[in-house]
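Visitor: A single structure is presented below for examination.
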Amino acid sequence: MQSTGGSMFKALVLDQVDGKTRSEIRQLEETDLPEGEVLVDVAYSSLNYKDGLAVTGKGKIISAFPAIPGIDFVGKVASSADARFSAGDEVILTGWGVGERHWGGMAEKARVKADWLVPLPSGMSARTSMLIGTAGLTAMLCVLGLEKGGVTPDQGPVLVTGASGGVGSVAVALLAKRGFEVVAATGRTSEEAYLRKLGASEIRSRDEMAATPRPLEKQRWAGVVDTVGGTVLARAIAETLYSGTVTACGLAGSHDLPVTVMPFILRNVRLQGVDSVSCPVPVRTEAWQRLQSDLDVELLGDLGQEIELEQVPDYAERILRGEVRGRTLIKLSS
Ligand SMILES: NC(=O)c1ccc[n+]([C@@H]2O[C@H](COP(=O)([O-])OP(=O)(O)OC[C@H]3O[C@@H](n4cnc5c(N)ncnc54)[C@H](OP(=O)(O)O)[C@@H]3O)[C@@H](O)[C@H]2O)c1
């Protein structure tokens, strides 16, 4: 990472020292950035659970050091060697291994492949798009998964687990707006008022959800958005109604799934995996358009907080401890 000229910018840089991940704010130059067709002036990045794993080194997220983390960002194109984008265009990036295998959004500038970018939906502000970010996109992909499974509000309540986290909060808001009765499962009963404001009509405790389920439990849920995995997901599946759909996108609790085949072969339950990282562009574009039309902008103010790049290491620890509510924006260049 030698500085050889060009305009300086601020970045959070991760290094590996004695087998441990260390983070530091550094001044870099454009020539330090990796190859890519599009140079972006980053306006906002956001802090996702995966970023928490990367910045603290508690998960093997970063493939080579030094690295800039940040799995998502929004900003203005500074220059582009690809005809699809021109200087001044506002663009969003989520996933594709950015902030993992490729330098990410926790810097005032990023250079990426044009194929990875989607235009900021018209009428959506850059700030709003990162309040939504990877977590919100994933929540929308889960909602699309429930819709594909034929889940409708008249069939019964839907369950959202890890409800006060980023994915969970947006999922609660989206499902409530579409007329679903939303039950929010949370380990933080102190967040009940927040979850009810987002549209949850009932709160279920994480402890209740984490109790080891029998192969089949009392049928409760027409659909599920699970961000937690483990016994919580196993119980959600065992409690799903005949022909219901469970979308699984996260592992905030565990990557295990201690379930039997009974819900699938006796209740026709569908388990739908959800991935936002390599999700094809047409699906992303549809999801962003749906976020634009479905998400109640009045609620967005309640959904998150804004931090500076310097605060990221502290918030990275906090998100892994399950202490961060909703979404966390990281302000970069304006
Ligand atoms: N598949 C994908 O493409 C994709 C995309 C984005 C995120 N994810 C995954 O989805 C999950 C949520 O991401 P996020 O950014 O929303 O993270 P987040 O903001 O930290 O939310 C996770 C929530 O899970 C709950 N939780 C935390 N630790 C737990 C534990 N030990 N047991 C049970 N519940 C626990 C907490 O909610 P309560 O306090 O309300 O219980 C926490 O707020 C993560 O595993 C992330 O890696 C996957």
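Order determines the names: the first chain of the structure tokens is A, the second B, and so forth; residues in each chain are numbered 1 upward, and ligands are numbered 1 upward as they are shown.
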List as a tab-separated table (two decimals) with C-alpha atoms, in the first residue's frame the protein and nucleic acid residues lying within 7 Å of ligand 1, with only C-alpha atoms and all ligand atoms counted.
Guide:
chain	number	residue	atom	x	y	z
A	48	ASN	CA	-23.83	-5.27	9.17
A	49	TYR	CA	-23.33	-8.35	11.34
A	50	LYS	CA	-20.80	-9.63	8.78
A	134	THR	CA	-27.53	-5.19	2.87
A	135	ALA	CA	-29.72	-5.99	5.87
A	138	THR	CA	-31.96	-9.25	2.64
A	161	THR	CA	-36.61	-13.74	14.65
A	162	GLY	CA	-33.72	-11.50	15.76
A	163	ALA	CA	-36.37	-8.85	15.28
A	164	SER	CA	-34.56	-5.83	16.71
A	165	GLY	CA	-31.48	-6.41	14.52
A	166	GLY	CA	-30.97	-4.89	11.07
A	167	VAL	CA	-32.58	-7.59	8.92
A	168	GLY	CA	-35.25	-8.27	11.54
A	185	ALA	CA	-39.08	-12.79	18.49
A	186	THR	CA	-36.41	-10.94	20.44
A	187	GLY	CA	-33.90	-11.42	23.23
A	188	ARG	CA	-34.38	-7.76	24.16
A	206	ARG	CA	-35.98	-15.49	22.48
A	227	THR	CA	-32.03	-14.34	11.04
A	228	VAL	CA	-30.83	-16.46	13.95
A	249	CYS	CA	-30.98	-15.88	5.97
A	250	GLY	CA	-28.87	-15.68	9.12
A	251	LEU	CA	-26.81	-17.30	11.84
A	252	ALA	CA	-26.70	-14.65	14.58
A	253	GLY	CA	-27.41	-17.46	17.08
A	274	VAL	CA	-31.94	-16.47	1.15
A	275	ASP	CA	-28.62	-15.10	-0.12
A	276	SER	CA	-28.03	-11.44	-0.88
A	277	VAL	CA	-24.33	-11.64	-1.79
A	319	ILE	CA	-23.23	-5.70	16.94
A	320	LEU	CA	-21.73	-9.13	17.67
A	321	ARG	CA	-22.96	-8.89	21.26
A	322	GLY	CA	-26.48	-8.25	19.91
A	323	GLU	CA	-26.53	-4.75	21.41
A	324	VAL	CA	-27.13	-2.70	18.27
A	325	ARG	CA	-30.73	-1.83	17.47
A	326	GLY	CA	-31.87	-1.62	13.84
A	327	ARG	CA	-29.41	-0.23	11.34
Visitor: To test your reading of the structure, identify every residue in range 30-102 of chain A that backbone DSSP assigns to helix (DSSP H, G or I), and report it as a VMD selection string.
Guide: chain A and resid 30 to 32 49 to 56
Visitor: Atoms to include: N, CA and C atoms. Write the selected residues as a PDB file, in the first residue's frame.
Guide:
ATOM      1  N   GLU A  30      -5.798   7.318  -4.293  1.00  0.00           N
ATOM      2  CA  GLU A  30      -6.582   6.545  -5.278  1.00  0.00           C
ATOM      3  C   GLU A  30      -5.777   5.401  -5.879  1.00  0.00           C
ATOM      4  N   THR A  31      -4.472   5.644  -6.037  1.00  0.00           N
ATOM      5  CA  THR A  31      -3.630   4.603  -6.648  1.00  0.00           C
ATOM      6  C   THR A  31      -3.492   3.373  -5.743  1.00  0.00           C
ATOM      7  N   ASP A  32      -3.848   3.502  -4.464  1.00  0.00           N
ATOM      8  CA  ASP A  32      -3.811   2.349  -3.559  1.00  0.00           C
ATOM      9  C   ASP A  32      -4.974   1.391  -3.811  1.00  0.00           C
ATOM     10  N   TYR A  49     -23.883  -7.309  10.456  1.00  0.00           N
ATOM     11  CA  TYR A  49     -23.327  -8.354  11.336  1.00  0.00           C
ATOM     12  C   TYR A  49     -22.015  -8.889  10.753  1.00  0.00           C
ATOM     13  N   LYS A  50     -21.999  -9.091   9.429  1.00  0.00           N
ATOM     14  CA  LYS A  50     -20.795  -9.628   8.776  1.00  0.00           C
ATOM     15  C   LYS A  50     -19.618  -8.655   8.899  1.00  0.00           C
ATOM     16  N   ASP A  51     -19.914  -7.346   8.854  1.00  0.00           N
ATOM     17  CA  ASP A  51     -18.855  -6.349   9.059  1.00  0.00           C
ATOM     18  C   ASP A  51     -18.300  -6.450  10.473  1.00  0.00           C
ATOM     19  N   GLY A  52     -19.196  -6.724  11.433  1.00  0.00           N
ATOM     20  CA  GLY A  52     -18.754  -6.920  12.814  1.00  0.00           C
ATOM     21  C   GLY A  52     -17.763  -8.072  12.896  1.00  0.00           C
ATOM     22  N   LEU A  53     -18.074  -9.167  12.221  1.00  0.00           N
ATOM     23  CA  LEU A  53     -17.176 -10.326  12.205  1.00  0.00           C
ATOM     24  C   LEU A  53     -15.843  -9.964  11.552  1.00  0.00           C
ATOM     25  N   ALA A  54     -15.900  -9.179  10.463  1.00  0.00           N
ATOM     26  CA  ALA A  54     -14.675  -8.814   9.727  1.00  0.00           C
ATOM     27  C   ALA A  54     -13.792  -7.886  10.553  1.00  0.00           C
ATOM     28  N   VAL A  55     -14.377  -6.831  11.113  1.00  0.00           N
ATOM     29  CA  VAL A  55     -13.589  -5.792  11.797  1.00  0.00           C
ATOM     30  C   VAL A  55     -12.963  -6.334  13.078  1.00  0.00           C
ATOM     31  N   THR A  56     -13.700  -7.183  13.794  1.00  0.00           N
ATOM     32  CA  THR A  56     -13.149  -7.744  15.038  1.00  0.00           C
ATOM     33  C   THR A  56     -12.251  -8.941  14.766  1.00  0.00           C
TER      34      THR A  56
END
Visitor: So that I can check the surroundings of range 66-71 of chain A, please list as a VMD selection string every protein, DNA and RNA residue that reaches within 6 Å of it, counting only C-alpha atoms and ignoring chain neighbours fewer than 3 positions away.
Guide: chain A and resid 12 to 15 94 to 95 98 to 99 103 to 106
Visitor: Write out, as JSON lines, each residue of range 132-249 of chain A that has an atom at most 10 Å from range 294-303 of chain A, together with the closest pair of atoms and their distance in Å to one decimal, counting only C-alpha atoms, rows going by chain and rising number.
Guide:
{"residue": "A:Ile132", "atom": "CA", "partner": "A:Leu300", "partner_atom": "CA", "distance": 8.5}
{"residue": "A:Gly136", "atom": "CA", "partner": "A:Leu295", "partner_atom": "CA", "distance": 9.7}
{"residue": "A:Met140", "atom": "CA", "partner": "A:Asp294", "partner_atom": "CA", "distance": 9.5}
{"residue": "A:Ser164", "atom": "CA", "partner": "A:Leu303", "partner_atom": "CA", "distance": 9.4}
{"residue": "A:Gly165", "atom": "CA", "partner": "A:Leu303", "partner_atom": "CA", "distance": 9.7}
{"residue": "A:Gly166", "atom": "CA", "partner": "A:Leu303", "partner_atom": "CA", "distance": 8.3}
{"residue": "A:Ser169", "atom": "CA", "partner": "A:Leu303", "partner_atom": "CA", "distance": 7.2}
{"residue": "A:Val170", "atom": "CA", "partner": "A:Leu303", "partner_atom": "CA", "distance": 7.9}
{"residue": "A:Ala171", "atom": "CA", "partner": "A:Leu295", "partner_atom": "CA", "distance": 9.7}
{"residue": "A:Ala173", "atom": "CA", "partner": "A:Leu295", "partner_atom": "CA", "distance": 7.0}
{"residue": "A:Leu174", "atom": "CA", "partner": "A:Leu295", "partner_atom": "CA", "distance": 5.8}
{"residue": "A:Leu175", "atom": "CA", "partner": "A:Asp294", "partner_atom": "CA", "distance": 9.1}
{"residue": "A:Ala176", "atom": "CA", "partner": "A:Leu295", "partner_atom": "CA", "distance": 9.8}
{"residue": "A:Lys177", "atom": "CA", "partner": "A:Asp294", "partner_atom": "CA", "distance": 7.0}
{"residue": "A:Arg178", "atom": "CA", "partner": "A:Asp294", "partner_atom": "CA", "distance": 7.7}
{"residue": "A:Tyr194", "atom": "CA", "partner": "A:Asp302", "partner_atom": "CA", "distance": 7.9}
{"residue": "A:Leu195", "atom": "CA", "partner": "A:Leu303", "partner_atom": "CA", "distance": 9.9}
{"residue": "A:Lys197", "atom": "CA", "partner": "A:Leu299", "partner_atom": "CA", "distance": 8.0}
{"residue": "A:Leu198", "atom": "CA", "partner": "A:Leu299", "partner_atom": "CA", "distance": 6.7}
{"residue": "A:Gly199", "atom": "CA", "partner": "A:Leu299", "partner_atom": "CA", "distance": 9.6}
Visitor: DSSP on the backbone: what in range 158-294 of chain A comes out strand (DSSP E or B), as a PDB file with N, CA and C atoms, in the first residue's frame?
Guide:
ATOM      1  N   VAL A 158     -47.106 -14.078  10.842  1.00  0.00           N
ATOM      2  CA  VAL A 158     -45.738 -14.401  10.417  1.00  0.00           C
ATOM      3  C   VAL A 158     -44.791 -14.074  11.577  1.00  0.00           C
ATOM      4  N   LEU A 159     -43.727 -14.847  11.668  1.00  0.00           N
ATOM      5  CA  LEU A 159     -42.747 -14.688  12.734  1.00  0.00           C
ATOM      6  C   LEU A 159     -41.458 -14.095  12.169  1.00  0.00           C
ATOM      7  N   VAL A 160     -40.892 -13.113  12.871  1.00  0.00           N
ATOM      8  CA  VAL A 160     -39.565 -12.592  12.514  1.00  0.00           C
ATOM      9  C   VAL A 160     -38.659 -12.805  13.721  1.00  0.00           C
ATOM     10  N   THR A 161     -37.536 -13.494  13.534  1.00  0.00           N
ATOM     11  CA  THR A 161     -36.614 -13.737  14.652  1.00  0.00           C
ATOM     12  C   THR A 161     -35.423 -12.759  14.571  1.00  0.00           C
ATOM     13  N   VAL A 182     -47.617  -9.486  12.516  1.00  0.00           N
ATOM     14  CA  VAL A 182     -46.210  -9.835  12.699  1.00  0.00           C
ATOM     15  C   VAL A 182     -45.915 -10.109  14.176  1.00  0.00           C
ATOM     16  N   VAL A 183     -45.357 -11.291  14.441  1.00  0.00           N
ATOM     17  CA  VAL A 183     -44.896 -11.618  15.788  1.00  0.00           C
ATOM     18  C   VAL A 183     -43.369 -11.496  15.770  1.00  0.00           C
ATOM     19  N   ALA A 184     -42.850 -10.663  16.675  1.00  0.00           N
ATOM     20  CA  ALA A 184     -41.406 -10.384  16.692  1.00  0.00           C
ATOM     21  C   ALA A 184     -40.762 -11.179  17.819  1.00  0.00           C
ATOM     22  N   ALA A 185     -39.815 -12.046  17.464  1.00  0.00           N
ATOM     23  CA  ALA A 185     -39.077 -12.789  18.491  1.00  0.00           C
ATOM     24  C   ALA A 185     -37.793 -12.036  18.787  1.00  0.00           C
ATOM     25  N   THR A 186     -37.572 -11.737  20.061  1.00  0.00           N
ATOM     26  CA  THR A 186     -36.406 -10.942  20.436  1.00  0.00           C
ATOM     27  C   THR A 186     -35.845 -11.370  21.783  1.00  0.00           C
ATOM     28  N   ALA A 200     -44.941  -4.581  14.772  1.00  0.00           N
ATOM     29  CA  ALA A 200     -45.162  -5.893  15.393  1.00  0.00           C
ATOM     30  C   ALA A 200     -46.419  -5.837  16.250  1.00  0.00           C
ATOM     31  N   SER A 201     -47.248  -6.899  16.171  1.00  0.00           N
ATOM     32  CA  SER A 201     -48.443  -6.874  17.018  1.00  0.00           C
ATOM     33  C   SER A 201     -48.251  -7.720  18.264  1.00  0.00           C
ATOM     34  N   GLU A 202     -47.203  -8.546  18.294  1.00  0.00           N
ATOM     35  CA  GLU A 202     -46.955  -9.381  19.466  1.00  0.00           C
ATOM     36  C   GLU A 202     -45.449  -9.611  19.586  1.00  0.00           C
ATOM     37  N   ILE A 203     -44.977  -9.787  20.816  1.00  0.00           N
ATOM     38  CA  ILE A 203     -43.551 -10.038  21.056  1.00  0.00           C
ATOM     39  C   ILE A 203     -43.412 -11.434  21.639  1.00  0.00           C
ATOM     40  N   ARG A 204     -42.462 -12.199  21.132  1.00  0.00           N
ATOM     41  CA  ARG A 204     -42.184 -13.516  21.698  1.00  0.00           C
ATOM     42  C   ARG A 204     -40.748 -13.500  22.206  1.00  0.00           C
ATOM     43  N   SER A 205     -40.508 -14.095  23.357  1.00  0.00           N
ATOM     44  CA  SER A 205     -39.154 -14.016  23.903  1.00  0.00           C
ATOM     45  C   SER A 205     -38.235 -15.013  23.213  1.00  0.00           C
ATOM     46  N   TRP A 221     -47.329 -20.398  12.495  1.00  0.00           N
ATOM     47  CA  TRP A 221     -46.854 -19.376  11.549  1.00  0.00           C
ATOM     48  C   TRP A 221     -47.165 -19.722  10.092  1.00  0.00           C
ATOM     49  N   ALA A 222     -47.764 -18.759   9.388  1.00  0.00           N
ATOM     50  CA  ALA A 222     -47.954 -18.933   7.943  1.00  0.00           C
ATOM     51  C   ALA A 222     -46.612 -18.759   7.239  1.00  0.00           C
ATOM     52  N   GLY A 223     -45.762 -17.926   7.827  1.00  0.00           N
ATOM     53  CA  GLY A 223     -44.448 -17.676   7.247  1.00  0.00           C
ATOM     54  C   GLY A 223     -43.469 -17.240   8.323  1.00  0.00           C
ATOM     55  N   VAL A 224     -42.193 -17.409   8.031  1.00  0.00           N
ATOM     56  CA  VAL A 224     -41.150 -17.041   8.995  1.00  0.00           C
ATOM     57  C   VAL A 224     -40.003 -16.347   8.263  1.00  0.00           C
ATOM     58  N   VAL A 225     -39.465 -15.293   8.882  1.00  0.00           N
ATOM     59  CA  VAL A 225     -38.179 -14.717   8.453  1.00  0.00           C
ATOM     60  C   VAL A 225     -37.213 -14.980   9.604  1.00  0.00           C
ATOM     61  N   ASP A 226     -36.239 -15.838   9.372  1.00  0.00           N
ATOM     62  CA  ASP A 226     -35.305 -16.193  10.444  1.00  0.00           C
ATOM     63  C   ASP A 226     -33.918 -15.633  10.174  1.00  0.00           C
ATOM     64  N   THR A 240     -44.479 -24.168  12.049  1.00  0.00           N
ATOM     65  CA  THR A 240     -45.051 -23.569  10.838  1.00  0.00           C
ATOM     66  C   THR A 240     -46.301 -24.321  10.373  1.00  0.00           C
ATOM     67  N   LEU A 241     -47.271 -23.554   9.887  1.00  0.00           N
ATOM     68  CA  LEU A 241     -48.550 -24.109   9.430  1.00  0.00           C
ATOM     69  C   LEU A 241     -48.357 -25.007   8.206  1.00  0.00           C
ATOM     70  N   TYR A 242     -49.318 -25.848   7.951  1.00  0.00           N
ATOM     71  CA  TYR A 242     -49.314 -26.691   6.759  1.00  0.00           C
ATOM     72  C   TYR A 242     -49.099 -25.806   5.515  1.00  0.00           C
ATOM     73  N   SER A 243     -48.140 -26.181   4.683  1.00  0.00           N
ATOM     74  CA  SER A 243     -47.795 -25.458   3.438  1.00  0.00           C
ATOM     75  C   SER A 243     -47.216 -24.059   3.670  1.00  0.00           C
ATOM     76  N   GLY A 244     -46.792 -23.776   4.890  1.00  0.00           N
ATOM     77  CA  GLY A 244     -46.164 -22.482   5.160  1.00  0.00           C
ATOM     78  C   GLY A 244     -44.740 -22.435   4.626  1.00  0.00           C
ATOM     79  N   THR A 245     -44.182 -21.225   4.598  1.00  0.00           N
ATOM     80  CA  THR A 245     -42.809 -21.029   4.095  1.00  0.00           C
ATOM     81  C   THR A 245     -41.942 -20.375   5.167  1.00  0.00           C
ATOM     82  N   VAL A 246     -40.742 -20.945   5.340  1.00  0.00           N
ATOM     83  CA  VAL A 246     -39.758 -20.395   6.274  1.00  0.00           C
ATOM     84  C   VAL A 246     -38.571 -19.908   5.451  1.00  0.00           C
ATOM     85  N   THR A 247     -38.212 -18.632   5.611  1.00  0.00           N
ATOM     86  CA  THR A 247     -37.018 -18.131   4.924  1.00  0.00           C
ATOM     87  C   THR A 247     -35.882 -18.031   5.947  1.00  0.00           C
ATOM     88  N   ALA A 248     -34.737 -18.599   5.587  1.00  0.00           N
ATOM     89  CA  ALA A 248     -33.578 -18.614   6.499  1.00  0.00           C
ATOM     90  C   ALA A 248     -32.460 -17.802   5.873  1.00  0.00           C
ATOM     91  N   ARG A 270     -42.111 -25.423   3.495  1.00  0.00           N
ATOM     92  CA  ARG A 270     -41.022 -25.089   2.565  1.00  0.00           C
ATOM     93  C   ARG A 270     -39.959 -24.287   3.310  1.00  0.00           C
ATOM     94  N   LEU A 271     -38.703 -24.721   3.190  1.00  0.00           N
ATOM     95  CA  LEU A 271     -37.586 -23.964   3.770  1.00  0.00           C
ATOM     96  C   LEU A 271     -36.850 -23.286   2.624  1.00  0.00           C
ATOM     97  N   GLN A 272     -36.902 -21.967   2.606  1.00  0.00           N
ATOM     98  CA  GLN A 272     -36.307 -21.198   1.502  1.00  0.00           C
ATOM     99  C   GLN A 272     -35.051 -20.477   1.985  1.00  0.00           C
ATOM    100  N   GLY A 273     -33.909 -20.858   1.449  1.00  0.00           N
ATOM    101  CA  GLY A 273     -32.683 -20.142   1.768  1.00  0.00           C
ATOM    102  C   GLY A 273     -32.685 -18.778   1.096  1.00  0.00           C
TER     103      GLY A 273
END
Visitor: With a distance cut-off of 7 Å and only C-alpha atoms, select the neighbouring residues of Leu332 in chain A, excluding the residue or stretch itself and same-chain residues fewer than 2 positions from it, and output the selection as number ranges by chain.
Guide: A: 42-44, 107-108, 330, 334
Visitor: For a quick check of understanding, using only C-alpha atoms, which of A:Val40, A:Ile237, A:Ile307, A:Leu216 has the smallest distance to Gly75 in chain A?
Guide: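 Among the listed residues, A:Val40 lies closest to Gly75 in chain A.
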Visitor: What's the separation between CA of Ile92 in chain A and CA of Leu39 in chain A, in Å to one decimal place?
Guide: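 If I compute the distance from CA of Ile92 in chain A to CA of Leu39 in chain A, I get 12.5 Å.
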Visitor: So, counting only C-alpha atoms, which residue among A:Asp82, A:Pro258, A:Leu117, A:Arg26 is closest to Arg284 in chain A?
Guide: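 Counting only C-alpha atoms, the residue closest to Arg284 in chain A is A:Leu117.
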Visitor: Which residue, A:Glu90, A:Gln27, A:Val232, A:Glu35, has the smallest gap to Gly123 in chain A when you use only C-alpha atoms?
Guide: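 With only C-alpha atoms as the atom set, the closest residue is A:Glu90.
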Visitor: What does the structure give for the distance between CA of Pro157 in chain A and CA of Thr212 in chain A, in Å to one decimal?
Guide: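 For CA of Pro157 in chain A relative to CA of Thr212 in chain A, the distance reads 21.5 Å.
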Visitor: Compare A:Glu217, A:Thr285, A:Glu100, A:Val172 by their minimum atom-to-atom distance to Ile62 in chain A, counting only C-alpha atoms, and give me the closest one.
Guide: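 Residue with the minimum atom-to-atom distance to Ile62 in chain A: A:Glu100.
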Visitor: Excluding Ser122 in chain A and any residue of its chain fewer than 5 positions from it, enumerate the residues within 12 Å of it, using only C-alpha atoms, and give them as a list in words.
Guide: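 With the cut-off at 12 Å, the set is Asp89, Glu90, Val91, Thr128, Ser129, Thr285, Trp288, Gln289, Leu291, Gln292 and Ser293 of chain A.
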